[in-house]
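Peer 1: Just passing along the structure, written as structure tokens.
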Amino acid sequence: VSRSKGLRGTESQREPRIPSQFSQEQRIAMKEALKGAIQIPTVSFSPKELNTTALAEFGEYIRKVFPTVFHTSFIRHEVVGNYSHLFTIKGSDPSMQPYMLLAHIDVVPAPDKGWDVPPFSGLERDGFIYGRGTLDNKNSLMAILQALELLLIRNYIPRRSFFIALGHDEEVSGINGAQKISALLQARGVQLAFVVDEGSFILDGFLPNLKKPFAMVSVSEKGAINLRLQVNMTPGHSSAPPKETSIGILAAAVSRLEQTPMPNMFGSGPLRMALEQLANEFPFPTNIVLNNLWLFRPLVSRLMERNYVTNPMVRTTAALTMFNAGIKENVIPPVAEAIINFRIHPAQTVQEVLKLAKDIVADDRVQFHVLDAFDPLPISPSDDQALGYQLLRQTIQSVFPEVNIVAPGTCIGNTDSRHYLNLTTGIYRFNPVYLQPQSFSSIHGINEKISVEAYETQVKFIFEFIQNGDTDVEPVPHLHEL
Ligand SMILES: CCCCCCCC/C=C\CCCCCCCC(=O)N[C@@H](Cc1ccc(O)cc1)C(=O)O
Ligand SMILES: [Zn+2]
Ligand SMILES: [Zn+2]
């Protein structure tokens, strides 16, 4: 029986703990600050098309709403890559290894169509703040700076140093933001105890029959390939069409890719661990099935692939995202091209997926051009000795006492944290916010929103997390009783 798990208390903290209670005035100021952030349209359209005016305005905005962060002697602020921000918060104990909190400033585009309120209005309706970035990811960015501001005005001095890195181009690769910050820190010889970024939530209603929410801390993320397929054929007059055209050949190829699922890789890794941890939260007979995955693995793997959110957890996915061909209605087009966005399961590699894709297309007239690709990220530790994971677990348990299970997972999207592999082996992706399937669809979709209460809780979470980071005790080994 597990008697004690996680971190040994906070007995060795020297400073008294600052309670995470905020005045009515502070609570109003924090939600208004988030609304103001949403109103700045920091949209990334492509790596070359960023709204640089808005990004610059955002830099001014955070200076205005978080004055103490910018005027504290032990905090160094730097602008990196023109619009990203790096804060170095120097702790009083240089022997403690620093950590880093990440968030990003940019958002994906949001045309007004379909929204109940304009996506950059930051309007509050029925207790919710609406707008692009309220879940992805200005909520995290503002909550991190807000929590730090609130700690500082109560004279908080951290023991453990930490960094805050705010990237400005996460939605289009992170090459000029996160990647440059990472290189800068590497040049300074920094090594981090761990990194915390976006990428997972307290999941509510994602697994059939599981009534209670659980916190998924992603310890890995899928790899990706952007693949351009191209077919070249001889152009000609549309009045005498050939048997096959570039469009027809390419359409058949992409259709084969869409219709042929990559292999189901369920069986090991974070997902299996999570399901085993969740087993007893399910009613009969699912609890029996999940407690005996050695026997029911084929059944569970089939159930997982039935649902569009759990399917990406068990396999590499292929999304057809762009298609282009044709120059005039009566010209047989010389070229047709399509972009396929693959998300690679942790048990596969870029090379394996490309080979599978070539076998599925099975047509030499279809040229393969890899635009960019990277393998799935390494799995960060989630054992009792993993400081970052255990600090998250401890903070989740204190801020969300109703959440029984904290389980490791794999992020199905990509995050800026992948640019920090050179600085740490502990990368954790977790947003301390409840997420339902409907709110999941709003991320990059319509009516993205966060409740005022959820945002306040996110600030509270970071306020507690930063103080928990000051613990100098090592994580407690798992103790067993006979
Ligand atoms: C037990 C299993 C239950 C499974 C339920 C899973 C629910 C999903 C929960 C959370 C997923 C949220 C993912 C958000 C993070 C993604 C952030 C993002 O959008 N990143 C971009 C980055 C990117 C990558 C490549 C590009 O060319 C441009 C941008 C992304 O598209 O991934
Ligand atoms: Zn994001
Ligand atoms: Zn996003």
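Lettering and numbering for the structure tokens are positional, with chains as A, B, ... in the shown order, residues counted from 1 in each chain, and ligands counted from 1 in the shown order.
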Residues contacting ligand 2 - anything with an atom at most 10 Å away, using only C-alpha atoms and all ligand atoms - can you give me those as a count of residues only?
Peer 2: 24
Peer 1: From a DSSP calculation on the backbone, collect every residue of segment 204-399 of chain A in helix (DSSP H, G or I) and output the set as a PyMOL selection string.
Peer 2: chain A and resi 246-259+269-281+286-291+293-304+311-314+350-361+387-399
Peer 1: Residues near segment 74-91 of chain A, anyone? I mean within 9 Å using only C-alpha atoms, not counting same-chain ones fewer than 4 positions away, as a ChimeraX atom specification.
Peer 2: /A:52,55-56,58-59,69-70,96,98,104-105,157-169,176-178,180-181,184,470
Peer 1: Output N, CA, C and O atoms of each residue in that selection to a file, as a CSV table (one decimal), in the first residue's frame.
Peer 2:
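Done, and the output landed in again24.csv:
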```
chain,number,residue,atom,x,y,z
A,52,THR,N,2.8,42.4,-35.9
A,52,THR,CA,3.9,42.9,-35.1
A,52,THR,C,3.5,44.1,-34.3
A,52,THR,O,4.0,44.4,-33.2
A,55,LEU,N,1.9,42.7,-31.3
A,55,LEU,CA,2.9,42.1,-30.4
A,55,LEU,C,3.7,43.2,-29.6
A,55,LEU,O,3.9,43.1,-28.4
A,56,ALA,N,4.0,44.3,-30.3
A,56,ALA,CA,4.7,45.4,-29.6
A,56,ALA,C,3.7,46.0,-28.6
A,56,ALA,O,4.2,46.3,-27.4
A,58,PHE,N,1.4,44.6,-27.0
A,58,PHE,CA,1.3,43.6,-25.9
A,58,PHE,C,2.5,43.8,-24.9
A,58,PHE,O,2.3,43.7,-23.7
A,59,GLY,N,3.7,44.0,-25.4
A,59,GLY,CA,4.8,44.3,-24.6
A,59,GLY,C,4.6,45.5,-23.7
A,59,GLY,O,4.9,45.5,-22.5
A,69,VAL,N,6.4,43.6,-11.3
A,69,VAL,CA,7.2,42.6,-12.0
A,69,VAL,C,8.4,43.3,-12.7
A,69,VAL,O,9.5,42.9,-12.7
A,70,PHE,N,8.1,44.5,-13.3
A,70,PHE,CA,9.1,45.2,-14.1
A,70,PHE,C,10.0,46.1,-13.2
A,70,PHE,O,10.9,46.6,-13.8
A,96,MET,N,19.9,26.0,-5.4
A,96,MET,CA,18.7,25.3,-5.9
A,96,MET,C,18.6,25.5,-7.4
A,96,MET,O,18.7,26.6,-7.9
A,98,PRO,N,17.2,26.1,-10.9
A,98,PRO,CA,16.0,26.9,-11.4
A,98,PRO,C,15.0,26.1,-12.2
A,98,PRO,O,15.4,25.1,-12.8
A,104,HIS,N,2.5,31.5,-24.2
A,104,HIS,CA,2.8,32.3,-25.5
A,104,HIS,C,1.8,33.4,-25.7
A,104,HIS,O,0.7,33.4,-25.2
A,105,ILE,N,2.3,34.4,-26.4
A,105,ILE,CA,1.6,35.7,-26.6
A,105,ILE,C,0.6,35.6,-27.8
A,105,ILE,O,-0.4,36.2,-27.8
A,157,ILE,N,9.9,36.9,-1.7
A,157,ILE,CA,11.3,36.7,-2.3
A,157,ILE,C,11.5,35.2,-2.5
A,157,ILE,O,11.5,34.5,-1.5
A,158,PRO,N,11.6,34.8,-3.7
A,158,PRO,CA,11.7,33.3,-3.9
A,158,PRO,C,13.1,32.8,-3.4
A,158,PRO,O,14.0,33.5,-3.4
A,159,ARG,N,13.1,31.6,-3.0
A,159,ARG,CA,14.4,30.9,-2.7
A,159,ARG,C,14.9,30.3,-3.9
A,159,ARG,O,16.1,30.5,-4.2
A,160,ARG,N,14.1,29.6,-4.7
A,160,ARG,CA,14.6,29.0,-5.9
A,160,ARG,C,14.4,29.9,-7.1
A,160,ARG,O,13.3,30.5,-7.3
A,161,SER,N,15.4,30.1,-7.8
A,161,SER,CA,15.3,31.0,-9.0
A,161,SER,C,14.4,30.4,-10.0
A,161,SER,O,14.2,29.1,-10.1
A,162,PHE,N,13.7,31.2,-10.8
A,162,PHE,CA,13.0,30.6,-11.9
A,162,PHE,C,12.9,31.6,-13.1
A,162,PHE,O,13.3,32.8,-12.9
A,163,PHE,N,12.6,31.1,-14.2
A,163,PHE,CA,12.4,31.9,-15.4
A,163,PHE,C,11.0,31.9,-15.9
A,163,PHE,O,10.3,30.9,-15.7
A,164,ILE,N,10.6,33.0,-16.5
A,164,ILE,CA,9.3,33.0,-17.2
A,164,ILE,C,9.6,33.3,-18.7
A,164,ILE,O,10.3,34.3,-19.0
A,165,ALA,N,9.2,32.5,-19.6
A,165,ALA,CA,9.5,32.7,-21.0
A,165,ALA,C,8.2,32.8,-21.8
A,165,ALA,O,7.3,31.9,-21.7
A,166,LEU,N,8.0,34.0,-22.4
A,166,LEU,CA,6.7,34.2,-23.2
A,166,LEU,C,7.0,34.3,-24.6
A,166,LEU,O,7.6,35.3,-25.1
A,167,GLY,N,6.7,33.3,-25.4
A,167,GLY,CA,7.1,33.2,-26.8
A,167,GLY,C,6.0,34.0,-27.6
A,167,GLY,O,4.9,34.1,-27.2
A,168,HIS,N,6.5,34.6,-28.8
A,168,HIS,CA,5.5,35.4,-29.6
A,168,HIS,C,5.1,34.7,-30.8
A,168,HIS,O,4.3,35.2,-31.6
A,169,ASP,N,5.7,33.5,-31.1
A,169,ASP,CA,5.3,32.8,-32.4
A,169,ASP,C,5.1,31.3,-32.2
A,169,ASP,O,5.4,30.5,-33.1
A,176,ASN,N,11.4,31.9,-33.7
A,176,ASN,CA,12.0,33.2,-33.4
A,176,ASN,C,11.8,33.6,-31.9
A,176,ASN,O,12.4,34.6,-31.4
A,177,GLY,N,10.9,32.9,-31.2
A,177,GLY,CA,10.7,33.2,-29.8
A,177,GLY,C,11.4,32.1,-28.9
A,177,GLY,O,12.5,32.3,-28.5
A,178,ALA,N,10.6,31.0,-28.7
A,178,ALA,CA,11.1,30.0,-27.8
A,178,ALA,C,12.5,29.5,-28.1
A,178,ALA,O,13.4,29.3,-27.3
A,180,LYS,N,14.9,31.0,-29.7
A,180,LYS,CA,16.0,32.0,-29.4
A,180,LYS,C,16.2,32.1,-27.9
A,180,LYS,O,17.3,32.2,-27.4
A,181,ILE,N,15.1,32.0,-27.1
A,181,ILE,CA,15.3,32.1,-25.7
A,181,ILE,C,16.1,30.9,-25.2
A,181,ILE,O,17.0,31.0,-24.3
A,184,LEU,N,19.7,31.3,-26.0
A,184,LEU,CA,20.3,32.3,-25.1
A,184,LEU,C,20.6,31.7,-23.7
A,184,LEU,O,21.7,31.9,-23.2
A,470,ASP,N,9.7,26.5,-3.8
A,470,ASP,CA,10.8,26.9,-2.9
A,470,ASP,C,11.2,25.8,-1.9
A,470,ASP,O,12.1,26.0,-1.2
```
Peer 1: What's the 10 Å shell around Pro408 of chain A, counting only C-alpha atoms, without same-chain residues fewer than 3 positions away, as a count of residues only?
Peer 2: 25
Peer 1: Segment 332-335 of chain A: which residues within 10 Å, counting only C-alpha atoms, same-chain residues fewer than 5 positions away excluded, as a PyMOL selection string?
Peer 2: chain A and resi 230-242+245-247+250+324-327
Peer 1: One number please: atom CA of Leu392 of chain A to atom CA of Val195 of chain A, in Å, one decimal.
Peer 2: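 That distance, rounded to one decimal, is 11.0 Å.
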Peer 1: From the options A:Asn341, A:Gln191, A:Thr410, A:Gln390, which residue's atoms come nearest to Pro312 of chain A, counting only C-alpha atoms?
Peer 2: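 Among the listed residues, A:Thr410 lies closest to Pro312 of chain A.
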Peer 1: Skipping near chain neighbours, those fewer than 3 positions away, what residues fall within 8 Å of Phe266 of chain A using only C-alpha atoms, listed as a ChimeraX atom specification?
Peer 2: /A:271-272,297,301,313-315
Peer 1: According to DSSP computed on the backbone, where in segment 320-435 of chain A is there strand (DSSP E)? Give the residues as a ChimeraX atom specification.
Peer 2: /A:320-325,331-332,335-344,366-374,406-411,427-429,434-435
Peer 1: Include N, CA, C and O atoms and write out the residues we just selected as a short mmCIF file (atom, residue, chain, number, x, y, z; two decimals), in the first residue's frame.
Peer 2:
```
data_model
loop_
_atom_site.label_atom_id
_atom_site.label_comp_id
_atom_site.auth_asym_id
_atom_site.auth_seq_id
_atom_site.Cartn_x
_atom_site.Cartn_y
_atom_site.Cartn_z
N LEU A 320 -5.60 16.23 -43.73
CA LEU A 320 -5.42 16.93 -45.01
C LEU A 320 -5.78 18.39 -44.75
O LEU A 320 -6.93 18.70 -44.45
N THR A 321 -4.80 19.27 -44.84
CA THR A 321 -5.07 20.65 -44.42
C THR A 321 -5.04 21.67 -45.55
O THR A 321 -5.62 22.74 -45.41
N MET A 322 -4.34 21.36 -46.65
CA MET A 322 -4.33 22.32 -47.76
C MET A 322 -4.35 21.56 -49.08
O MET A 322 -3.77 20.47 -49.19
N PHE A 323 -5.00 22.16 -50.08
CA PHE A 323 -5.11 21.51 -51.38
C PHE A 323 -5.15 22.61 -52.43
O PHE A 323 -5.92 23.55 -52.31
N ASN A 324 -4.32 22.48 -53.43
CA ASN A 324 -4.26 23.56 -54.41
C ASN A 324 -3.98 23.01 -55.80
O ASN A 324 -3.05 22.22 -55.98
N ALA A 325 -4.80 23.45 -56.77
CA ALA A 325 -4.56 23.03 -58.16
C ALA A 325 -5.41 23.88 -59.08
O ALA A 325 -6.44 24.42 -58.67
N VAL A 331 -8.40 24.75 -68.52
CA VAL A 331 -7.01 24.29 -68.70
C VAL A 331 -6.78 23.07 -67.82
O VAL A 331 -7.05 23.11 -66.61
N ILE A 332 -6.31 21.98 -68.43
CA ILE A 332 -5.92 20.80 -67.62
C ILE A 332 -4.68 21.24 -66.83
O ILE A 332 -3.67 21.63 -67.42
N VAL A 335 -0.02 21.14 -62.42
CA VAL A 335 0.43 20.76 -61.07
C VAL A 335 -0.75 20.72 -60.10
O VAL A 335 -1.63 21.59 -60.16
N ALA A 336 -0.73 19.74 -59.23
CA ALA A 336 -1.65 19.74 -58.09
C ALA A 336 -0.82 19.47 -56.84
O ALA A 336 0.11 18.66 -56.88
N GLU A 337 -1.15 20.17 -55.76
CA GLU A 337 -0.38 19.91 -54.54
C GLU A 337 -1.29 19.93 -53.32
O GLU A 337 -2.33 20.60 -53.30
N ALA A 338 -0.86 19.20 -52.30
CA ALA A 338 -1.64 19.11 -51.05
C ALA A 338 -0.67 19.06 -49.88
O ALA A 338 0.47 18.61 -50.03
N ILE A 339 -1.15 19.56 -48.74
CA ILE A 339 -0.35 19.48 -47.51
C ILE A 339 -1.05 18.51 -46.56
O ILE A 339 -2.27 18.64 -46.32
N ILE A 340 -0.28 17.58 -46.04
CA ILE A 340 -0.80 16.65 -45.04
C ILE A 340 -0.04 16.91 -43.74
O ILE A 340 1.20 16.95 -43.73
N ASN A 341 -0.81 17.10 -42.67
CA ASN A 341 -0.20 17.34 -41.36
C ASN A 341 -0.32 16.05 -40.53
O ASN A 341 -1.41 15.67 -40.13
N PHE A 342 0.82 15.38 -40.32
CA PHE A 342 0.84 14.16 -39.52
C PHE A 342 1.20 14.51 -38.09
O PHE A 342 2.05 15.38 -37.86
N ARG A 343 0.59 13.81 -37.13
CA ARG A 343 0.99 13.91 -35.72
C ARG A 343 1.41 12.51 -35.30
O ARG A 343 0.59 11.58 -35.33
N ILE A 344 2.67 12.40 -34.94
CA ILE A 344 3.28 11.06 -34.80
C ILE A 344 3.18 10.52 -33.37
O ILE A 344 3.58 11.18 -32.41
N VAL A 366 3.23 10.52 -57.48
CA VAL A 366 3.01 11.47 -56.38
C VAL A 366 4.36 11.72 -55.69
O VAL A 366 4.95 10.82 -55.11
N GLN A 367 4.85 12.97 -55.82
CA GLN A 367 6.14 13.30 -55.20
C GLN A 367 5.94 13.68 -53.73
O GLN A 367 4.97 14.37 -53.40
N PHE A 368 6.88 13.25 -52.91
CA PHE A 368 6.84 13.57 -51.47
C PHE A 368 7.88 14.65 -51.17
O PHE A 368 9.06 14.48 -51.48
N HIS A 369 7.44 15.75 -50.57
CA HIS A 369 8.38 16.80 -50.12
C HIS A 369 8.12 17.07 -48.64
O HIS A 369 7.04 17.57 -48.28
N VAL A 370 9.09 16.75 -47.80
CA VAL A 370 8.92 16.99 -46.35
C VAL A 370 9.24 18.46 -46.08
O VAL A 370 10.35 18.92 -46.32
N LEU A 371 8.24 19.20 -45.61
CA LEU A 371 8.46 20.63 -45.34
C LEU A 371 9.16 20.82 -44.00
O LEU A 371 10.10 21.59 -43.88
N ASP A 372 8.64 20.15 -42.98
CA ASP A 372 9.33 20.11 -41.70
C ASP A 372 8.85 18.89 -40.94
O ASP A 372 7.75 18.39 -41.19
N ALA A 373 9.70 18.40 -40.05
CA ALA A 373 9.35 17.17 -39.34
C ALA A 373 10.18 17.06 -38.08
O ALA A 373 11.33 17.51 -38.04
N PHE A 374 9.59 16.49 -37.05
CA PHE A 374 10.36 16.15 -35.86
C PHE A 374 9.73 14.93 -35.19
O PHE A 374 8.53 14.70 -35.29
N VAL A 406 -4.16 12.29 -10.68
CA VAL A 406 -3.24 13.05 -11.53
C VAL A 406 -2.48 11.99 -12.33
O VAL A 406 -1.82 11.13 -11.74
N ALA A 407 -2.62 12.02 -13.63
CA ALA A 407 -2.03 10.95 -14.44
C ALA A 407 -1.17 11.53 -15.56
O ALA A 407 -1.47 12.60 -16.10
N PRO A 408 -0.11 10.80 -15.93
CA PRO A 408 0.72 11.28 -17.03
C PRO A 408 0.02 11.05 -18.38
O PRO A 408 -0.76 10.12 -18.52
N GLY A 409 0.31 11.89 -19.34
CA GLY A 409 -0.31 11.72 -20.67
C GLY A 409 0.63 12.20 -21.76
O GLY A 409 1.77 12.59 -21.50
N THR A 410 0.11 12.14 -22.99
CA THR A 410 0.87 12.64 -24.15
C THR A 410 0.07 13.78 -24.77
O THR A 410 -1.13 13.61 -25.03
N CYS A 411 0.72 14.90 -25.02
CA CYS A 411 0.02 16.02 -25.65
C CYS A 411 -0.15 15.72 -27.13
O CYS A 411 0.82 15.38 -27.82
N ILE A 427 9.96 17.99 -18.85
CA ILE A 427 9.06 18.95 -19.51
C ILE A 427 7.62 18.50 -19.23
O ILE A 427 7.23 17.38 -19.59
N TYR A 428 6.85 19.37 -18.60
CA TYR A 428 5.48 19.04 -18.21
C TYR A 428 4.52 20.04 -18.81
O TYR A 428 4.77 21.25 -18.78
N ARG A 429 3.45 19.50 -19.37
CA ARG A 429 2.47 20.37 -20.04
C ARG A 429 1.16 20.25 -19.28
O ARG A 429 0.52 19.20 -19.27
N TYR A 434 -10.26 23.35 -15.86
CA TYR A 434 -11.13 22.25 -16.29
C TYR A 434 -11.41 22.39 -17.79
O TYR A 434 -11.64 23.49 -18.28
N LEU A 435 -11.39 21.25 -18.48
CA LEU A 435 -11.70 21.28 -19.92
C LEU A 435 -12.73 20.20 -20.23
O LEU A 435 -12.54 19.03 -19.89
#
```
Peer 1: Between atom CA of Thr310 of chain A and atom CA of Thr424 of chain A, measure the distance and give it in Å to one decimal.
Peer 2: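 A separation of 28.5 Å between them.
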Peer 1: Give me, as a list in words, all polymer residues having an atom no more than 10 Å from His345 of chain A, counting only C-alpha atoms and skipping those fewer than 5 positions away in the same chain.
Peer 2: Glu221, Lys222, Gly223, Ala224, Met262, Pro263, Asn264, Met265, Phe266, Pro312, Met313, Val314, Arg315, Thr316, Thr317, Val350, Val353, Asp375, Pro376, Leu377, Thr410 and Ile412 of chain A
